[in-house]
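Have a look at data_0.cif; it's mmCIF, C-alpha atoms and all ligand atoms:
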data_final
#
loop_
_atom_site.label_atom_id
_atom_site.label_comp_id
_atom_site.auth_asym_id
_atom_site.auth_seq_id
_atom_site.Cartn_x
_atom_site.Cartn_y
_atom_site.Cartn_z
CA MET A 1 -84.90 -39.63 46.08
CA SER A 2 -81.18 -40.20 46.02
CA GLN A 3 -79.52 -41.74 43.06
CA SER A 4 -76.27 -43.63 43.32
CA ILE A 5 -73.60 -42.50 40.96
CA PRO A 6 -71.47 -45.33 39.63
CA HIS A 7 -67.89 -44.80 40.66
CA ILE A 8 -65.23 -46.45 38.58
CA GLN A 9 -61.66 -46.31 39.71
CA VAL A 10 -59.28 -46.21 36.82
CA PRO A 11 -55.84 -47.49 37.71
CA SER A 12 -53.32 -44.81 36.94
CA GLU A 13 -49.59 -44.69 36.46
CA PRO A 14 -47.72 -43.28 39.46
CA ALA A 15 -47.14 -39.56 39.01
CA VAL A 16 -43.76 -38.58 37.65
CA SER A 17 -41.74 -37.55 40.66
CA CYS A 18 -38.07 -37.48 41.60
CA SER A 19 -39.01 -39.58 44.63
CA ASN A 20 -39.95 -42.53 42.41
CA CYS A 21 -36.96 -42.18 40.09
CA ALA A 22 -33.42 -43.50 40.47
CA ALA A 23 -32.02 -40.02 39.80
CA CYS A 24 -31.87 -40.91 36.10
CA CYS A 25 -30.91 -37.40 35.02
CA CYS A 26 -27.92 -37.39 37.40
CA GLN A 27 -26.17 -39.80 35.00
CA LEU A 28 -26.13 -37.26 32.20
CA GLU A 29 -23.14 -35.08 31.42
CA VAL A 30 -23.65 -31.78 33.25
CA MET A 31 -21.61 -28.89 31.92
CA LEU A 32 -20.83 -26.05 34.29
CA ILE A 33 -21.74 -22.96 32.29
CA THR A 34 -22.01 -20.59 35.25
CA ASP A 35 -20.36 -20.57 38.66
CA THR A 36 -22.96 -21.58 41.22
CA GLY A 37 -20.42 -22.59 43.85
CA VAL A 38 -20.03 -26.31 43.12
CA PRO A 39 -17.18 -27.60 45.34
CA PRO A 40 -14.04 -28.27 43.25
CA ARG A 41 -13.91 -31.94 44.33
CA TYR A 42 -17.05 -32.57 42.26
CA ILE A 43 -15.71 -30.89 39.12
CA ALA A 44 -13.94 -32.66 36.24
CA THR A 45 -12.57 -31.39 32.95
CA ASP A 46 -13.90 -32.80 29.70
CA ASP A 47 -11.82 -33.59 26.59
CA TRP A 48 -12.30 -30.03 25.35
CA GLY A 49 -11.19 -28.33 28.56
CA GLY A 50 -14.70 -27.52 29.74
CA GLU A 51 -15.83 -28.02 33.32
CA VAL A 52 -18.36 -30.77 33.97
CA MET A 53 -19.74 -32.52 37.02
CA LEU A 54 -17.50 -35.45 37.94
CA ARG A 55 -19.16 -38.84 37.46
CA LEU A 56 -18.02 -41.93 39.34
CA ASP A 57 -17.54 -45.43 37.90
CA ASP A 58 -21.21 -46.29 38.52
CA GLY A 59 -22.16 -43.52 36.09
CA TRP A 60 -23.84 -41.18 38.56
CA CYS A 61 -22.72 -37.68 39.46
CA ALA A 62 -20.18 -37.58 42.30
CA ALA A 63 -22.43 -35.20 44.24
CA LEU A 64 -25.30 -37.70 44.41
CA ASP A 65 -25.89 -39.46 47.71
CA ARG A 66 -25.96 -43.15 46.69
CA ASP A 67 -28.26 -44.16 49.54
CA SER A 68 -30.96 -41.52 49.31
CA MET A 69 -30.40 -40.79 45.57
CA ARG A 70 -30.57 -37.10 46.43
CA CYS A 71 -28.29 -34.26 45.44
CA THR A 72 -25.89 -33.40 48.27
CA ILE A 73 -25.16 -29.94 46.85
CA TYR A 74 -28.73 -28.93 46.06
CA GLU A 75 -28.29 -25.30 47.15
CA VAL A 76 -25.31 -24.80 44.83
CA ARG A 77 -26.21 -27.28 42.07
CA PRO A 78 -25.32 -26.30 38.50
CA LEU A 79 -27.64 -24.22 36.35
CA ILE A 80 -28.36 -27.18 34.05
CA CYS A 81 -29.61 -29.20 37.03
CA ARG A 82 -31.83 -26.32 38.08
CA GLU A 83 -33.36 -26.08 34.63
CA PHE A 84 -33.97 -29.81 34.15
CA GLU A 85 -37.70 -30.01 34.79
CA THR A 86 -39.48 -32.94 36.34
CA ALA A 87 -41.91 -34.51 33.84
CA SER A 88 -40.38 -32.60 30.91
CA PRO A 89 -39.82 -34.63 27.71
CA GLU A 90 -36.11 -34.95 28.64
CA CYS A 91 -37.00 -36.23 32.09
CA LEU A 92 -39.46 -38.79 30.68
CA ASP A 93 -36.80 -39.94 28.20
CA GLU A 94 -34.31 -40.56 30.98
CA ARG A 95 -36.86 -42.40 33.10
CA LYS A 96 -37.84 -44.56 30.15
CA GLY A 97 -34.23 -45.48 29.50
CA MET A 98 -33.81 -46.59 33.09
CA THR A 99 -36.98 -48.72 33.03
CA GLU A 100 -35.75 -50.48 29.92
CA ILE A 101 -32.38 -51.27 31.50
CA TYR A 102 -33.96 -52.86 34.58
CA ARG A 103 -36.81 -54.62 32.80
S1 LIG B 1 -36.02 -34.75 37.02
FE1 LIG B 1 -36.91 -36.57 36.10
S2 LIG B 1 -35.17 -37.89 35.55
FE2 LIG B 1 -34.45 -36.35 37.03
S3 LIG B 1 -34.61 -37.34 39.05
FE3 LIG B 1 -36.48 -36.16 38.72
S4 LIG B 1 -37.92 -37.62 37.80
FE4 LIG B 1 -35.87 -38.50 37.60
S1 LIG B 2 -25.25 -31.75 40.88
FE1 LIG B 2 -26.91 -32.71 41.98
S2 LIG B 2 -28.72 -32.49 40.65
FE2 LIG B 2 -26.88 -32.11 39.40
S3 LIG B 2 -26.36 -34.08 38.47
FE3 LIG B 2 -25.19 -33.90 40.37
S4 LIG B 2 -26.43 -34.90 41.93
FE4 LIG B 2 -27.75 -34.48 40.19
#

Could you write out this file's structure as structure tokens?
Amino acid sequence: MSQSIPHIQVPSEPAVSCSNCAACCCQLEVMLITDTGVPPRYIATDDWGGEVMLRLDDGWCAALDRDSMRCTIYEVRPLICREFETASPECLDERKGMTEIYR
């Protein structure tokens, strides 16, 4: 005799993914602590003489494609960008901040 197993679908939050994020972390200050080959046109100097990724008036990194919200220099992106992990506490913080702004 077969028995039916009740199946309940629990609605879940969409998984944390860069494809459902407005590149929140690309608005943060990104210091260049190693030379990964970032083109000079994307580099600015901060008040203390350190090199950082240039940000445009809209707040996002100059190397971000505004249409696709993807990094245009992915292969040579700074170390800090490489180490910023999707779904890490820092990532979730940035995403939360963005949700609150647009709410
Ligand atoms: S790492 Fe996190 S904050 Fe950055 S783009 Fe991906 S999901 Fe958004
Ligand atoms: S270099 Fe690329 S990954 Fe890093 S902040 Fe700029 S657009 Fe984002």

Residues contacting ligand LIG 2 (chain B) - anything with an atom at most 10 Å away, using only C-alpha atoms and all ligand atoms - can you give me those as an MDAnalysis selection string?
chainID A and resid 23:32 38 42:43 52:55 60:66 69:84

Given all atoms listed in the file as the counted atoms, nearest of A:Met98, A:Leu56, A:Ile33, A:Cys21 to ligand LIG 1 (chain B):
A:Cys21

Take CA of Ser88 (chain A) and CA of Ala22 (chain A) and report the distance between them in Å, one decimal.
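It comes out at 16.1 Å.
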
Atom S4 of ligand LIG 1 (chain B) to CA of Thr86 (chain A): how many Å, to one decimal?
5.1 Å

Which distance in Å separates CA of Leu92 (chain A) and CA of Asp47 (chain A), to one decimal?
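Computing it gives 28.4 Å between the two atoms.
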
Box dimensions and centre (Å, one decimal) enclosing region 81-100 of chain A, axis-aligned, 3 Å extra per side, as lines of an AutoDock Vina configuration file:
center_x = -35.8
center_y = -38.3
center_z = 32.9
size_x = 18.3
size_y = 30.4
size_z = 16.4

Looking at only C-alpha atoms and all ligand atoms, which of A:Glu51, A:Thr34, A:Pro40, A:Asp93 is the one that sits closest to ligand LIG 1 (chain B)?
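Among the listed residues, A:Asp93 lies closest to ligand LIG 1 (chain B).
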